[in-house]
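Asker: Encoded as structure tokens, here's the structure I'll be asking about.
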Amino acid sequence: MVTSLQTVRRQLGYTGAQVIDLLTRRATALNLPIANQASLKTKLSRWENGKEQPSEIYQRLFREIYGRTNTELGFPDEPEEDPEAAELRARLAVARTVDRETVEVFRHQVDHARRLDRRFGALTQLDQLRIQIDHVQQLLTYRAGPQRPTLAGVLVEASTLAGWQALDRAAPGQAWTHYERAKTAAREADSPALLAHATAEQAFILIDLNEPTAAVDQLAHARSIAHGTATPLLSAWLAAAHGEALAAAGRADDARRAFDTASALLPADPVDPALPFLFLGDSHLDRWRGHALAHLGAPKAIDHLTAALARLPADFVRARAGLLVDLAYAHAAAGDRDAALTYAQQARRLATQIKSDRHQRRLNQLVLPGSGDTT
């Protein structure tokens with residue numbers, strides 16, 4: 001069966017892939033929630049073969065990208081309806097198409113963005129992530145039913161990643177907003193683990209703003225949220241995060257105790273598929289402890305950081321940049337100007353490569369021993 005919709009596409013010379021791209025672009029411009037491209041491929045085939053009628057939102061998009069009327073496209077003339085009600089009806093209809101497979105597609109997209117972020121930094125990822133967040137937020141706003149909590153969970157992961165990226169680009173206000181959204185979505189997902197994680201990561205903004213006491217309080221609150229329900233991995237991660245805030249506040253003994261707790265809690269297999277954003281295995285916990293010790297000016301920081309650098313997985317490029325900055329600070333505190341300068345130069349090259357404004361700022365504040373100049 002040849003439909004009018006198929007006929008018009010052929011007359012205009014569009015391929016199916018081009019139509020899907022046009023639909024996606026127009027929906028983005030109008031801020032309309034639609035299915036992902038893989039689902040659209042199936043839907044376009046069904047629409048053009050007359051097996052399914054496009055909903056009102058897709059009919060509108062077809063009218064706009066093809067420049068044709070309902071009659072020319074083979075759509076029924078609908079009775080006049082209040083535009084606001086029609087818009088809401090369309091959004092609800094699209095949100096109802098969200099199923100388990102759709103949620104998994106979104107989750108894989110966030111995981112892919114996380115992997116790219118580790119290697120290349122936030123420069124190329126943040127704008128794309130914002131678009132995905134807006135899309136998921138729109139669907140969540142109009143989606144009821146069993147997929148709502150899992151969709152909210154994806155929004156948490158995307159928002160916390162965007163928050164961390166914004167902090168790396170020295171945009172603390174934007175980062176704070178991302179984490180607030182993440183916490184709201186975590187409550188929607190009814191997940192103490194996600195709420196504790198988002199609350200804890202937000203505290204790093206307070207550390208960067210030189211508000212360590214507030215950061216300590218927030219991390220204590222994050223640990224209380226997870227108390228009794230957290231996995232050993234999450235409990236270890238929260239303890240280490242608390243340790244960093246305590247070090248920033250100058251509470252050396254408390255910071256060391258927090259990191260000892262993290263080491264004791266860390267499971268032999270520090271991987272949790274439900275928490276794919278937590279990394280404490282390999283050298284990560286040692287790197288974190290070394291960062292705290294460097295902040296405290298402790299001599300042992302150099303040994304921890306040097307050992308962690310040798311074991312850090314190659315794909316954690318931003319982490320490597322931060323570790324090199326910490327080594328520069330640790331050697332400067334020990335009075336070794338040459339080593340501090342060497343690590344600072346390496347860190348600056350890497351921070352420039354991944355466009356990490358946060359690490360660049362830390363390097364700009366480093367005072368080398370001897371002459372008292374900066375890097």
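Chain identifiers are assigned as A, B, and so on, following the order in which chains appear in the structure tokens; residues are numbered from 1 within each chain, and ligands are numbered from 1 in order of appearance.
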Stretch 267-322 of chain A near stretch 111-117 of chain A within 10 Å: what's each residue's closest atom pair and its distance in Å to one decimal, counting only C-alpha atoms, ordered by chain then ascending residue number, as a Markdown table?
Answerer:
| residue | atom | partner | partner_atom | distance |
| --- | --- | --- | --- | --- |
| A:Pro276 | CA | A:Asp111 | CA | 8.0 |
| A:Phe277 | CA | A:Arg114 | CA | 8.0 |
| A:Asp315 | CA | A:Arg115 | CA | 8.2 |
| A:Phe316 | CA | A:Arg115 | CA | 8.8 |
| A:Val317 | CA | A:Asp117 | CA | 8.8 |
| A:Arg318 | CA | A:Asp117 | CA | 8.1 |
Asker: Generate the output file for the selected residues, C-alpha atoms, as an mmCIF file, in the first residue's frame.
Answerer:
data_model
loop_
_atom_site.group_PDB
_atom_site.id
_atom_site.type_symbol
_atom_site.label_atom_id
_atom_site.label_comp_id
_atom_site.auth_asym_id
_atom_site.auth_seq_id
_atom_site.Cartn_x
_atom_site.Cartn_y
_atom_site.Cartn_z
ATOM 1 C CA PRO A 276 28.585 2.637 37.096
ATOM 2 C CA PHE A 277 29.798 6.149 37.966
ATOM 3 C CA ASP A 315 41.567 6.239 29.896
ATOM 4 C CA PHE A 316 41.197 8.394 33.037
ATOM 5 C CA VAL A 317 42.797 11.439 31.452
ATOM 6 C CA ARG A 318 41.114 14.099 33.607
#
Asker: Name the residues in contact with A:Glu201 at a cut-off of 8 Å, using only C-alpha atoms, excluding same-chain residues fewer than 6 positions from it; report them as a list of chain:residue names.
Answerer: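 Here the qualifying residues turn out to be A:Thr160, A:Trp164, A:Tyr179.
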Asker: I need the residues in stretch 69-210 of chain A that are helix (DSSP H, G or I) according to DSSP; give them as a PyMOL selection string.
Answerer: chain A and resi 70-73+83-95+100-120+126-142+148-168+172-188+192-208
Asker: Can you work out which one of A:Glu84, A:Gly290, A:Ser283, A:Ala193 has the shortest atom-to-atom distance to A:Ala255, counting only C-alpha atoms?
Answerer: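 Of A:Glu84, A:Gly290, A:Ser283, A:Ala193, the one nearest A:Ala255 is A:Gly290, counting only C-alpha atoms.
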Asker: Any idea what's packed within 12 Å of A:Asp253, counting only C-alpha atoms, ignoring anything in its chain fewer than 5 positions away? Could you give it as a compact mmCIF listing (two decimals) with N, CA and C atoms, in the first residue's frame?
Answerer:
# COMPACT_ATOMS: atom_id res chain seq x y z
N GLY A 243 36.22 12.45 53.53
CA GLY A 243 37.62 12.67 53.87
C GLY A 243 38.23 13.85 53.13
N GLU A 244 37.87 14.00 51.85
CA GLU A 244 38.40 15.15 51.10
C GLU A 244 37.89 16.46 51.68
N LEU A 246 36.93 17.01 54.77
CA LEU A 246 37.56 17.20 56.07
C LEU A 246 38.99 17.72 55.90
N ALA A 247 39.69 17.22 54.89
CA ALA A 247 41.04 17.72 54.62
C ALA A 247 41.00 19.18 54.20
N ALA A 258 38.52 9.04 57.98
CA ALA A 258 37.52 8.82 56.93
C ALA A 258 38.10 7.96 55.81
N PHE A 259 39.35 8.22 55.42
CA PHE A 259 39.97 7.41 54.36
C PHE A 259 40.27 5.99 54.86
N ASP A 260 40.61 5.84 56.12
CA ASP A 260 40.78 4.48 56.67
C ASP A 260 39.47 3.72 56.62
N ALA A 292 44.02 14.40 49.29
CA ALA A 292 43.71 14.98 50.61
C ALA A 292 44.99 15.27 51.39
N LEU A 293 45.93 14.33 51.34
CA LEU A 293 47.20 14.54 52.05
C LEU A 293 47.97 15.72 51.46
N LEU A 296 46.70 18.82 52.78
CA LEU A 296 47.13 19.03 54.15
C LEU A 296 48.63 19.31 54.25
N ALA A 298 50.95 17.06 53.83
CA ALA A 298 51.58 15.91 54.48
C ALA A 298 52.66 15.31 53.59
Asker: Using atom CA of A:Asp357 and atom CA of A:Gly322 as the two end points, give the distance in Å to one decimal.
Answerer: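 Calculated distance between atom CA of A:Asp357 and atom CA of A:Gly322 is 11.4 Å.
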Asker: Can you work out which one of A:Ala328, A:Ala236, A:Ala214, A:Ile207 has the shortest atom-to-atom distance to A:Leu285, counting only C-alpha atoms?
Answerer: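 Nearest to A:Leu285: A:Ala236.
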Asker: For atom CA of A:Val154 and atom CA of A:Glu101, quote the distance in Å rounded to one decimal.
Answerer: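 It comes out at 12.7 Å.
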Asker: Just checking: using only C-alpha atoms, which residue out of A:Ala27, A:Leu238, A:Ala158, A:Ile131 ends up closest to A:His108?
Answerer: A:Ala158
Asker: Tell me which of A:Leu278, A:Leu61, A:Ile354, A:Ile133 sits closest to A:Asp168, counting only C-alpha atoms.
Answerer: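 Among the listed residues, A:Ile354 lies closest to A:Asp168.
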Asker: Find the residue from A:Asp190, A:Ala249, A:Ser224, A:Arg169 that sits nearest to A:Asn210; use only C-alpha atoms when measuring.
Answerer: A:Ala249
Asker: Skipping near chain neighbours, those fewer than 6 positions away, what residues fall within 9 Å of stretch 136-151 of chain A using only C-alpha atoms, listed as a PyMOL selection string?
Answerer: chain A and resi 31-34+88+91-100+103+106-107+185-186+188-191
Asker: Given only C-alpha atoms as the basis, pick out the residue of A:Leu266, A:Ala347, A:Val2, A:Ala226 nearest to A:Ala319.
Answerer: A:Ala347
Asker: If we count only C-alpha atoms and set the cut-off at 7 Å, which residues sit around stretch 45-51 of chain A, ignoring sequence neighbours fewer than 3 positions away in its own chain? Please answer as a CSV table (one decimal) with C-alpha atoms, in the first residue's frame.
Answerer:
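Saved file out.csv follows:
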chain,number,residue,atom,x,y,z
A,1,MET,CA,0.0,0.0,0.0
A,2,VAL,CA,1.4,3.3,-1.1
A,3,THR,CA,0.4,6.1,1.3
A,5,LEU,CA,3.0,10.3,3.2
A,6,GLN,CA,5.3,8.0,1.3
A,41,LYS,CA,13.1,4.4,11.7
A,42,THR,CA,10.5,1.7,12.7
A,54,PRO,CA,1.2,9.3,13.2
Asker: May I have the residues within 6 Å of A:Pro232 as an NGL selection string, using only C-alpha atoms and disregarding those fewer than 2 positions away in the same chain?
Answerer: :A and (234-235 or 265)
Asker: Selection from above, C-alpha atoms, as a tab-separated table (two decimals), in the first residue's frame, can you write it?
Answerer:
chain	number	residue	atom	x	y	z
A	234	LEU	CA	28.90	3.44	47.88
A	235	SER	CA	29.67	3.61	51.60
A	265	LEU	CA	34.68	-0.73	53.45
